[in-house]
Every structure is written in structure tokens, then in C-alpha cells.
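One structure is given below, encoded as C-alpha cells.
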Amino acid sequence: MVDNIVSLNEYVQTVEHSNSYWMVRTMGGDYYDEFVEGGFIAIGYDEILLRELRAINLEDRVAITQLKQRVSELYDEAARPGHIVSQLLRFCKSIAIGDIVVLPGYSSYKLAICRVTGEPYEDVNAHGECSFVKRIPIEVIRQTTRLALPPKAQFMFNSRHPISDITSYAQYIDDTVLDFYNKNNETHIVLRINTDDDVSVSTFYAIEQLFKITEGFCNEQGILGSSSEVVMKVQMESKGALHFISSNKAFLALVGLGILFINGGGLKINHGNFNLDLSTHGLFGSYNEYMDRKADRALIGSIKNSLDSLAIETPGDFQKAVIELYQKHNEGREKY
């Protein structure tokens, strides 16, 4: 039984803990569309070639001083050649494949959250609004707005550098892109609060009961897990979010199953054009039967009301993982 729910995590997106996060400016938004549509980011000072930058050891102060001198000679209007060199080296030697890049548009209102897909290169035939030849390939993960980020994440826009290290804001960026994911050997579920209304204390008590129900199912099925293994982070500014983190992936996946059950009036998924009833399938069927047999109807109603009052929907990435697991299981049965 536990193998079934653990296997669900094989279909959950994993965010690498070692990835760095960067904000790359788009010349006040002028290059935003070109970066997004063209799948690249770029930096200027074309006379400084990639091979020159790659040859520099970041610990070699003499070589870096010489590069600063070269920048001063090439760009006599540059007031801060050291700053230019640090940005060039950051672009060409620090940004790595798999890193996350945030691109702000005009007035930083629009945002594109992207992933680096390749090494820096030079496009000698570069044309268009952006003619910078030093480029890095990216893929866009999600486009959103600055307003979608929590208040604490707004501070990352204070830096006006062309390239800024925003790794300290990684959690906020991850939660903006995904609502069910693995990172650093832990599973994360993000329940996005989509209401601006006041929230009563009883709302959180009802949601806590969902974890008690999950504990009861685990006890009956011989699955190790309890709410004491889950850390909750609450962000109530703006529309906010409830962020649950646990190294017990099976337990947190079952919590997700509970949200799916209560929000859907059973284990039914209507995600895009995909409609699925899981109530008779393996672990899902056992969970459905347990909820019908053991869970108090009034308590289920109370949890449902709490989710509704916060306008919390079942995490989309959780539903995708369940669908992929179901499809893979069926594919195996058909082959058999």
C-alpha cells in the first residue's frame, strides 16, 4: 500500500537544491518580449569576447584588473569598469545550466520565470531590438505578474544591477511556479489562498483536522506518518498561501489526496480536458472507502467550508502527478 503512494512522488517535479536564482534586467522592459520569445538572455559590451571571459580565473586578481583596464580603454564613458567586469563574469561564469532566471518587464510588472538550458554562446548574426551577441539559452517556465509574488519577495526588485543573485528568494519563486514539488529530499504542497476576505481562526482548525484524518488512514493501513512531521509556513499578506513541508513524502501526498477528495466531492479529477474517477483504484479506492466509512460528515463539511472560504483549489501539480501515475499504471496493465 505504501509503495503505491510513494510511487506518486516519481511523477512530482523536483527542484534542485543546488540551483542558483538570478534576476536579469531587460533594459527597462525593451528586451522582455525578445528574450521570452527568442528563448535567450543577453549582455552587452560586445567587444569583450566570451573566450576572454572564459579564460579568466575568478581568483586571479591580476587578470581581473587587466580586464577592468581593457573595459576602461574600450568604453571611456564607463564610470565603473569594475562593476561592468563583475557583471560580465557573473553572466559568463556564474549562471549555470538548470539555474532559474527571473525576467522583469516594463516597470517590473510582467515577469517571466525561466530555466537556463545551455552554456553561454555568441550570436554574431544577432539582430532585432537586442543586438547583444553574448547570450545564454533559456526556456520559459511561467509568465506572471509581480503582484503574484508575496510582499517579502518584492525586495528582490530593489537591486538595479543588470544581473542580481536572488537565490535568497528561491522559496517564493518556487512557490509561484509550482504547488506540489520535491526539493532537498522534502515534499512541498502549496495551497494558494485566493481571497482577500478576513479569515477566522476556526478556518485553520478545520484544515488541521485534515491532517488528523490522514493520520487515521495511515494508522489503519500501517503507513508511518503524522502531522508532527509536517512544517507549515503561512503567508497571509496579499492573497497568501499555506505552505506544507515534510520529509515524509507519503504522508504529505496523502494530505494532497485528502484535499482532492474534499474539494472534488470524492476522488474525481477534472483537470483541463482530463476527467478521472479514482474511487475504485488501488490505494485511491482504499482512501475513498476510508473517508466514506470513518470520516465524520460534519467534519468533512467543515474542512470543505474552510477550503472554500479561503478559495483554495486542489494543487494543479498534484493532480498532474496523480494523472501521470494512473496513466502509467494503466499502460503497464495493458502491456501485461
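Following the order of the C-alpha cells, first chain is A, next is B, and so on, with residues numbered from 1 inside each chain and ligands from 1 in the order they appear.
The residue set within 12 Å of Ser202 (chain A), counting only C-alpha atoms and dropping same-chain residues fewer than 4 places from it, reads Asp198, Ala206, Ile207, Glu208, Gln209, Ser302, Ile303, Asn305, Ser306, Leu307, Ser309 and Leu310 of chain A.
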Those same residues - all heavy atoms - I'd like them written as an mmCIF file, in the first residue's frame.
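Dumped everything to again-v1.cif:
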data_model
loop_
_atom_site.group_PDB
_atom_site.id
_atom_site.type_symbol
_atom_site.label_atom_id
_atom_site.label_comp_id
_atom_site.auth_asym_id
_atom_site.auth_seq_id
_atom_site.Cartn_x
_atom_site.Cartn_y
_atom_site.Cartn_z
ATOM 1 N N ASP A 198 -11.441 38.597 5.236
ATOM 2 C CA ASP A 198 -10.892 38.241 6.540
ATOM 3 C C ASP A 198 -11.065 36.744 6.775
ATOM 4 O O ASP A 198 -12.027 36.118 6.299
ATOM 5 C CB ASP A 198 -11.603 39.011 7.656
ATOM 6 C CG ASP A 198 -11.291 40.504 7.615
ATOM 7 O OD1 ASP A 198 -10.237 40.857 7.064
ATOM 8 O OD2 ASP A 198 -12.099 41.289 8.138
ATOM 9 N N ALA A 206 -10.102 23.776 11.227
ATOM 10 C CA ALA A 206 -10.729 22.781 10.357
ATOM 11 C C ALA A 206 -9.698 22.157 9.421
ATOM 12 O O ALA A 206 -9.710 20.941 9.190
ATOM 13 C CB ALA A 206 -11.863 23.422 9.568
ATOM 14 N N ILE A 207 -8.801 22.970 8.894
ATOM 15 C CA ILE A 207 -7.769 22.439 7.999
ATOM 16 C C ILE A 207 -6.842 21.498 8.764
ATOM 17 O O ILE A 207 -6.384 20.478 8.221
ATOM 18 C CB ILE A 207 -6.993 23.589 7.335
ATOM 19 C CG1 ILE A 207 -7.911 24.305 6.338
ATOM 20 C CG2 ILE A 207 -5.741 23.074 6.630
ATOM 21 C CD1 ILE A 207 -7.299 25.518 5.680
ATOM 22 N N GLU A 208 -6.574 21.797 10.035
ATOM 23 C CA GLU A 208 -5.737 20.903 10.847
ATOM 24 C C GLU A 208 -6.366 19.513 10.939
ATOM 25 O O GLU A 208 -5.657 18.499 10.985
ATOM 26 C CB GLU A 208 -5.553 21.486 12.247
ATOM 27 C CG GLU A 208 -4.688 20.620 13.147
ATOM 28 C CD GLU A 208 -4.765 21.011 14.614
ATOM 29 O OE1 GLU A 208 -5.630 21.837 14.964
ATOM 30 O OE2 GLU A 208 -3.973 20.467 15.401
ATOM 31 N N GLN A 209 -7.691 19.466 10.946
ATOM 32 C CA GLN A 209 -8.368 18.177 11.064
ATOM 33 C C GLN A 209 -8.122 17.281 9.850
ATOM 34 O O GLN A 209 -8.205 16.053 9.947
ATOM 35 C CB GLN A 209 -9.882 18.394 11.261
ATOM 36 C CG GLN A 209 -10.233 19.162 12.521
ATOM 37 C CD GLN A 209 -9.532 18.582 13.748
ATOM 38 O OE1 GLN A 209 -9.742 17.421 14.115
ATOM 39 N NE2 GLN A 209 -8.697 19.382 14.395
ATOM 40 N N SER A 302 -16.999 20.800 7.342
ATOM 41 C CA SER A 302 -16.284 21.927 7.949
ATOM 42 C C SER A 302 -14.974 22.207 7.214
ATOM 43 O O SER A 302 -14.631 23.370 6.961
ATOM 44 C CB SER A 302 -16.000 21.626 9.425
ATOM 45 O OG SER A 302 -15.225 22.645 10.004
ATOM 46 N N ILE A 303 -14.251 21.138 6.866
ATOM 47 C CA ILE A 303 -12.998 21.320 6.115
ATOM 48 C C ILE A 303 -13.293 21.907 4.738
ATOM 49 O O ILE A 303 -12.589 22.810 4.267
ATOM 50 C CB ILE A 303 -12.249 19.980 5.984
ATOM 51 C CG1 ILE A 303 -11.849 19.448 7.366
ATOM 52 C CG2 ILE A 303 -11.007 20.141 5.106
ATOM 53 C CD1 ILE A 303 -11.292 18.039 7.346
ATOM 54 N N ASN A 305 -15.810 23.795 3.896
ATOM 55 C CA ASN A 305 -16.163 25.208 4.066
ATOM 56 C C ASN A 305 -14.918 26.069 4.264
ATOM 57 O O ASN A 305 -14.847 27.201 3.774
ATOM 58 C CB ASN A 305 -17.115 25.382 5.251
ATOM 59 C CG ASN A 305 -18.498 24.831 4.973
ATOM 60 O OD1 ASN A 305 -18.894 24.692 3.807
ATOM 61 N ND2 ASN A 305 -19.244 24.500 6.017
ATOM 62 N N SER A 306 -13.938 25.517 4.999
ATOM 63 C CA SER A 306 -12.701 26.265 5.227
ATOM 64 C C SER A 306 -11.927 26.448 3.932
ATOM 65 O O SER A 306 -11.417 27.538 3.645
ATOM 66 C CB SER A 306 -11.832 25.541 6.266
ATOM 67 O OG SER A 306 -12.452 25.550 7.531
ATOM 68 N N LEU A 307 -11.820 25.372 3.144
ATOM 69 C CA LEU A 307 -11.137 25.483 1.855
ATOM 70 C C LEU A 307 -11.866 26.473 0.948
ATOM 71 O O LEU A 307 -11.231 27.276 0.247
ATOM 72 C CB LEU A 307 -11.051 24.110 1.184
ATOM 73 C CG LEU A 307 -10.173 23.058 1.886
ATOM 74 C CD1 LEU A 307 -10.307 21.706 1.183
ATOM 75 C CD2 LEU A 307 -8.705 23.487 1.904
ATOM 76 N N SER A 309 -13.781 29.015 1.945
ATOM 77 C CA SER A 309 -13.678 30.382 2.458
ATOM 78 C C SER A 309 -12.340 31.005 2.094
ATOM 79 O O SER A 309 -12.224 32.229 1.966
ATOM 80 C CB SER A 309 -13.873 30.401 3.974
ATOM 81 O OG SER A 309 -12.783 29.777 4.640
ATOM 82 N N LEU A 310 -11.316 30.164 1.929
ATOM 83 C CA LEU A 310 -10.005 30.644 1.506
ATOM 84 C C LEU A 310 -9.828 30.565 -0.013
ATOM 85 O O LEU A 310 -8.783 30.958 -0.526
ATOM 86 C CB LEU A 310 -8.896 29.821 2.184
ATOM 87 C CG LEU A 310 -8.819 29.923 3.711
ATOM 88 C CD1 LEU A 310 -7.792 28.928 4.256
ATOM 89 C CD2 LEU A 310 -8.459 31.335 4.142
#
Which of region 201-237 of chain A counts as helix (DSSP H, G or I) under DSSP, as a ChimeraX atom specification please?
-> /A:201-221,227-229
If you count only C-alpha atoms, which residues fall within 12 Å of Glu186 (chain A), apart from same-chain ones fewer than 6 positions away, as number ranges by chain?
-> A: 9, 12-17, 180, 229-231, 244-253
So which residues touch region 160-167 of chain A within 9 Å, counting only C-alpha atoms, skipping near sequence neighbours fewer than 2 positions away, as a count of residues only?
-> 21
Name all residues at most 10 Å from region 57-66 of chain A (count only C-alpha atoms; drop same-chain ones fewer than 4 positions away) and give them as a PyMOL selection string.
-> chain A and resi 53+70-72+81-82+85-86+89-90+93
Counting only C-alpha atoms, what is within 7 Å of Gln143 (chain A), bar same-chain residues fewer than 6 positions away, as a PyMOL selection string?
-> chain A and resi 111-113
Contacts of Asp175 (chain A) within 9 Å, only C-alpha atoms, excl. fewer than 3 positions in-chain, as a tab-separated table (two decimals) with N, CA, C and O atoms, in the first residue's frame:
chain	number	residue	atom	x	y	z
A	149	LEU	N	3.72	37.67	-6.49
A	149	LEU	CA	4.75	37.34	-5.51
A	149	LEU	C	4.37	37.92	-4.14
A	149	LEU	O	3.78	38.99	-4.06
A	170	ALA	N	14.51	32.09	-3.26
A	170	ALA	CA	14.17	30.87	-4.01
A	170	ALA	C	12.81	30.30	-3.64
A	170	ALA	O	12.03	29.90	-4.51
A	171	GLN	N	12.51	30.24	-2.34
A	171	GLN	CA	11.24	29.62	-1.93
A	171	GLN	C	10.04	30.35	-2.53
A	171	GLN	O	9.08	29.72	-2.99
A	172	TYR	N	10.09	31.66	-2.53
A	172	TYR	CA	8.96	32.43	-3.07
A	172	TYR	C	8.81	32.19	-4.56
A	172	TYR	O	7.68	32.13	-5.07
A	178	LEU	N	5.30	26.40	-8.83
A	178	LEU	CA	4.78	25.06	-8.54
A	178	LEU	C	3.95	25.06	-7.25
A	178	LEU	O	4.16	25.89	-6.37
A	179	ASP	N	3.01	24.12	-7.15
A	179	ASP	CA	2.25	23.99	-5.91
A	179	ASP	C	2.36	22.58	-5.30
A	179	ASP	O	1.77	22.30	-4.27
A	180	PHE	N	3.12	21.70	-5.95
A	180	PHE	CA	3.41	20.38	-5.40
A	180	PHE	C	4.74	19.94	-5.99
A	180	PHE	O	4.83	19.72	-7.20
A	188	HIS	N	6.83	19.42	-0.90
A	188	HIS	CA	6.17	20.70	-0.61
A	188	HIS	C	4.79	20.70	-1.25
A	188	HIS	O	4.65	20.37	-2.43
A	189	ILE	N	3.79	21.09	-0.47
A	189	ILE	CA	2.45	21.37	-1.01
A	189	ILE	C	2.13	22.82	-0.69
A	189	ILE	O	2.24	23.25	0.46
A	190	VAL	N	1.75	23.56	-1.71
A	190	VAL	CA	1.40	24.97	-1.55
A	190	VAL	C	-0.09	25.14	-1.85
A	190	VAL	O	-0.54	24.86	-2.97
A	241	ALA	N	-0.72	32.19	1.13
A	241	ALA	CA	-0.59	30.76	0.84
A	241	ALA	C	-0.32	30.00	2.13
A	241	ALA	O	0.21	30.55	3.11
A	243	HIS	N	1.87	26.79	3.14
A	243	HIS	CA	2.95	26.00	2.56
A	243	HIS	C	3.31	24.90	3.55
A	243	HIS	O	3.75	25.17	4.66
Between CA of Arg142 (chain A) and CA of Cys114 (chain A), what is the spacing in Å?
->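 Computing it gives 7.0 Å between the two atoms.
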I need the residues in region 173-226 of chain A that are strand (DSSP E or B) according to DSSP; give them as a PDB file with C-alpha atoms, in the first residue's frame.
ATOM      1  CA  PHE A 180       3.409  20.375  -5.396  1.00  0.00           C
ATOM      2  CA  TYR A 181       7.124  19.586  -5.710  1.00  0.00           C
ATOM      3  CA  ASN A 182      10.175  17.938  -4.191  1.00  0.00           C
ATOM      4  CA  LYS A 183      13.244  19.846  -3.083  1.00  0.00           C
ATOM      5  CA  GLU A 186      11.385  17.090   1.126  1.00  0.00           C
ATOM      6  CA  THR A 187       7.931  17.332  -0.414  1.00  0.00           C
ATOM      7  CA  HIS A 188       6.173  20.700  -0.611  1.00  0.00           C
ATOM      8  CA  ILE A 189       2.455  21.366  -1.011  1.00  0.00           C
ATOM      9  CA  VAL A 190       1.399  24.970  -1.551  1.00  0.00           C
ATOM     10  CA  LEU A 191      -2.266  25.840  -1.021  1.00  0.00           C
ATOM     11  CA  ARG A 192      -2.820  29.225  -2.597  1.00  0.00           C
TER      12      ARG A 192
END
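Across A:Gly105, A:Ile48, A:Arg293, A:Ile41, the tightest approach to Glu119 (chain A) is made by A:Ile41 when counting only C-alpha atoms.
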Give the answer as one residue: which of A:Tyr290, A:Ile213, A:Val234, A:Ser226 has the shortest atom-to-atom distance to Ile259 (chain A), using only C-alpha atoms?
->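 Comparing A:Tyr290, A:Ile213, A:Val234, A:Ser226 against Ile259 (chain A), the winner is A:Ile213.
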